[in-house]
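Here is the structure we will look at.
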Amino acid sequence: MTMLQASSRLLASSIGTHSLTRGLASITPSLMSHASAAAGACMYSSTSAEPNAQSSAATMDASFTDANSASSTEGFTTVLPRLVVFGARGFVGSHIAQEGLNAGLGVTGVSRSGTPPVGRDEWTNEVDWVRGNALEPRSFEQHLEGSAAVISAVGAFGSQEAMLRTNGTANATLIEAAAKAGVPRFVYVSAHIPNIPGIDLVLRGYVQGKAMAEEALRKHYPEGGVALRPGVVYGNRVVSSSLTLPLQMVFQPLDLLLSSYPSSKQFSNMPFISALASPPNSVQSVAKAAVDAATNPAVPPGVMDPWELQKYKE
């Protein structure tokens with residue numbers, strides 16, 4: 001299918017399945033992004049060191065045409081690039097899934113329960129919720145085939161062993177499985193670790209787990225892997241149907257303050273001071289960065305630190 005045909009089908013379908021506003025505001029920018037992706041695919045894949053993980057130009061084009069979510073309405077077929085989000089029920093993961101929909105993508109949300117997050121907002125009805133365990137590839141590998149990109153927001157605190165397993169082993173397993181399935185891009189939501197003496201001992205499993213996952217990303221996705229390292233992530237965190245934590249009440253003022261001093265990055269390696277100089281990031285900016293990194297080959301591989309994530313603030 002040519003890009004022109006895909007564009008025509010998407011625009012025609014948006015009239016039948018989306019409001020005119022959403023069709024113009026969300027789907028058209030997505031098409032522009034995907035057209036850029038196809039145009040730059042040759043350069044993107046020319047230095048590939050992992051043929052299974054990094055696509056050729058034809059594979060990249062296919063990821064945005066044939067690797068999709070499809071539905072039919074009155075003779076028209078909606079063809080959407082499909083984004084697979086692991087940890088989609090969580091605070092960060094749910095915002096990433098919603099942002100994927102806003103960008104005009106088909107979204108598959110993978111979690112151990114396979115159910116929408118608490119609250120069940122209207123947008124959750126548009127996500128394909130499936131069950132999968134990040135530590136067991138057989139439980140999710142069928143959902144990777146044909147996807148345009150994978151984003152992992154899997155992470156947790158707990159005992160040292162649990163943190164190493166969840167932040168490290170689980171994500172490394174996802175990355176390896178996605179590369180084996182030929183998924184062209186992978187985005188991992190890691191974390192900015194401030195320079196606080198002893199933090200690597202107190203949170204040994206967390207720090208080592210994040211490092212393990214990032215190492216797997218560099219190995220399997222040298223050209224299409226992006227690790228996001230946000231600082232404290234703030235926003236309305238829904239804990240239960242009756243409890244929401246307005247984290248922005250505490251961290252948004254600090255974010256605004258540090259944004260006024262972009263030179264604060266020069267203190268990022270100073271013991272203790274780095275913890276105060278690192279800006280918090282809104283959950284919306286992390287979600288926007290994740291979806292952009294997953295679908296835009298112009299975003300270079302490597303790491304986005306808290307200061308770079310500031311660029312995605314609304």
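Residues are referred to by chain and number: the chain letter is A, B, ... according to the order shown in the structure tokens, the number counts from 1 in that chain, and ligands are numbered separately from 1 in the order shown.
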Region 267-298 of chain A: which residues are helix (DSSP H, G or I) by DSSP, as a PyMOL selection string? chain A and resi 267+273-277+283-295
Write out as an NGL selection string the residues lying within 9 Å of Gly87 (chain A), counting only C-alpha atoms and excluding same-chain residues fewer than 5 positions away. :A and (92-94 or 109-112 or 151-155)
Selection above as a file: N, CA and C atoms, as a PDB file, in the first residue's frame:
```
ATOM      1  N   VAL A  92       2.267   6.306  34.645  1.00  0.00           N
ATOM      2  CA  VAL A  92       2.913   6.781  33.429  1.00  0.00           C
ATOM      3  C   VAL A  92       2.388   6.040  32.204  1.00  0.00           C
ATOM      4  N   GLY A  93       2.272   4.721  32.303  1.00  0.00           N
ATOM      5  CA  GLY A  93       1.845   3.918  31.161  1.00  0.00           C
ATOM      6  C   GLY A  93       0.472   4.287  30.634  1.00  0.00           C
ATOM      7  N   SER A  94      -0.460   4.604  31.523  1.00  0.00           N
ATOM      8  CA  SER A  94      -1.812   4.955  31.078  1.00  0.00           C
ATOM      9  C   SER A  94      -1.806   6.280  30.310  1.00  0.00           C
ATOM     10  N   GLY A 109      -2.669  -2.173  25.020  1.00  0.00           N
ATOM     11  CA  GLY A 109      -2.187  -2.024  26.378  1.00  0.00           C
ATOM     12  C   GLY A 109      -1.993  -3.383  27.027  1.00  0.00           C
ATOM     13  N   VAL A 110      -0.764  -3.685  27.429  1.00  0.00           N
ATOM     14  CA  VAL A 110      -0.452  -4.994  28.004  1.00  0.00           C
ATOM     15  C   VAL A 110      -0.187  -4.856  29.504  1.00  0.00           C
ATOM     16  N   SER A 111      -0.840  -5.702  30.276  1.00  0.00           N
ATOM     17  CA  SER A 111      -0.607  -5.737  31.716  1.00  0.00           C
ATOM     18  C   SER A 111      -0.917  -7.136  32.210  1.00  0.00           C
ATOM     19  N   ARG A 112      -0.578  -7.414  33.441  1.00  0.00           N
ATOM     20  CA  ARG A 112      -0.830  -8.747  33.978  1.00  0.00           C
ATOM     21  C   ARG A 112      -2.320  -9.047  34.087  1.00  0.00           C
ATOM     22  N   ILE A 151       6.628   0.499  23.798  1.00  0.00           N
ATOM     23  CA  ILE A 151       7.039   1.371  24.893  1.00  0.00           C
ATOM     24  C   ILE A 151       6.838   0.611  26.195  1.00  0.00           C
ATOM     25  N   SER A 152       7.848   0.596  27.035  1.00  0.00           N
ATOM     26  CA  SER A 152       7.718  -0.056  28.336  1.00  0.00           C
ATOM     27  C   SER A 152       7.769   0.961  29.457  1.00  0.00           C
ATOM     28  N   ALA A 153       6.710   0.955  30.258  1.00  0.00           N
ATOM     29  CA  ALA A 153       6.659   1.777  31.469  1.00  0.00           C
ATOM     30  C   ALA A 153       6.610   0.866  32.687  1.00  0.00           C
ATOM     31  N   VAL A 154       7.189  -0.327  32.537  1.00  0.00           N
ATOM     32  CA  VAL A 154       7.200  -1.314  33.627  1.00  0.00           C
ATOM     33  C   VAL A 154       8.271  -0.925  34.640  1.00  0.00           C
ATOM     34  N   GLY A 155       7.895  -0.838  35.887  1.00  0.00           N
ATOM     35  CA  GLY A 155       8.842  -0.494  36.937  1.00  0.00           C
ATOM     36  C   GLY A 155       8.160  -0.518  38.287  1.00  0.00           C
TER      37      GLY A 155
END
```
Surrounding residues of region 158-162 of chain A excluding itself and chain neighbours under 6 positions, 12 Å, only C-alpha atoms, as a count of residues only: 13
Give me, as a Markdown table, the closest atom pair and its distance (Å, one decimal) for every residue of region 90-162 of chain A within a cut-off of 12 Å of region 232-254 of chain A, counting only C-alpha atoms, rows sorted by chain and rising number.
```
| residue | atom | partner | partner_atom | distance |
| --- | --- | --- | --- | --- |
| A:Gly90 | CA | A:Val238 | CA | 9.0 |
| A:Phe91 | CA | A:Arg237 | CA | 6.1 |
| A:Val92 | CA | A:Val233 | CA | 8.2 |
| A:Gly93 | CA | A:Arg237 | CA | 11.6 |
| A:Ser94 | CA | A:Arg237 | CA | 10.5 |
| A:His95 | CA | A:Gly235 | CA | 10.1 |
| A:Pro117 | CA | A:Val238 | CA | 8.9 |
| A:Val118 | CA | A:Ser240 | CA | 6.2 |
| A:Gly119 | CA | A:Ser241 | CA | 6.0 |
| A:Arg120 | CA | A:Ser241 | CA | 9.5 |
| A:Asp121 | CA | A:Ser241 | CA | 11.4 |
```
Thr115 (chain A) environment, 9 Å, only C-alpha atoms, sequence neighbours closer than 6 positions dropped, as a list in words: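 Skipping anything fewer than 6 positions along the chain leaves Arg89, Gly109, Trp129, Val130 and Arg131 of chain A.
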For the selection just defined, write its residues with N, CA and C atoms to a file, as a CSV table (one decimal), in the first residue's frame.
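Writing done, so here's selection09.csv:
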```
chain,number,residue,atom,x,y,z
A,89,ARG,N,-1.5,0.1,32.6
A,89,ARG,CA,-2.5,0.4,33.6
A,89,ARG,C,-1.9,1.4,34.6
A,109,GLY,N,-2.7,-2.2,25.0
A,109,GLY,CA,-2.2,-2.0,26.4
A,109,GLY,C,-2.0,-3.4,27.0
A,129,TRP,N,-7.0,-3.9,25.3
A,129,TRP,CA,-6.4,-4.4,26.6
A,129,TRP,C,-6.2,-5.9,26.5
A,130,VAL,N,-4.9,-6.3,26.7
A,130,VAL,CA,-4.6,-7.7,26.7
A,130,VAL,C,-3.7,-8.1,27.9
A,131,ARG,N,-3.7,-9.3,28.2
A,131,ARG,CA,-3.0,-9.8,29.3
A,131,ARG,C,-1.6,-10.3,28.9
```
Which neighbours of His143 (chain A) fall inside 9 Å, counting only C-alpha atoms, when residues of the same chain fewer than 2 positions from it are skipped, and could you give them as a ChimeraX atom specification? /A:84,108,110,130,139-141,145-147
For CA of Asp128 (chain A) and CA of Ala287 (chain A), determine how far apart the two atoms are, in Å to one decimal place.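 Computed distance, CA of Asp128 (chain A) to CA of Ala287 (chain A), equals 18.1 Å.
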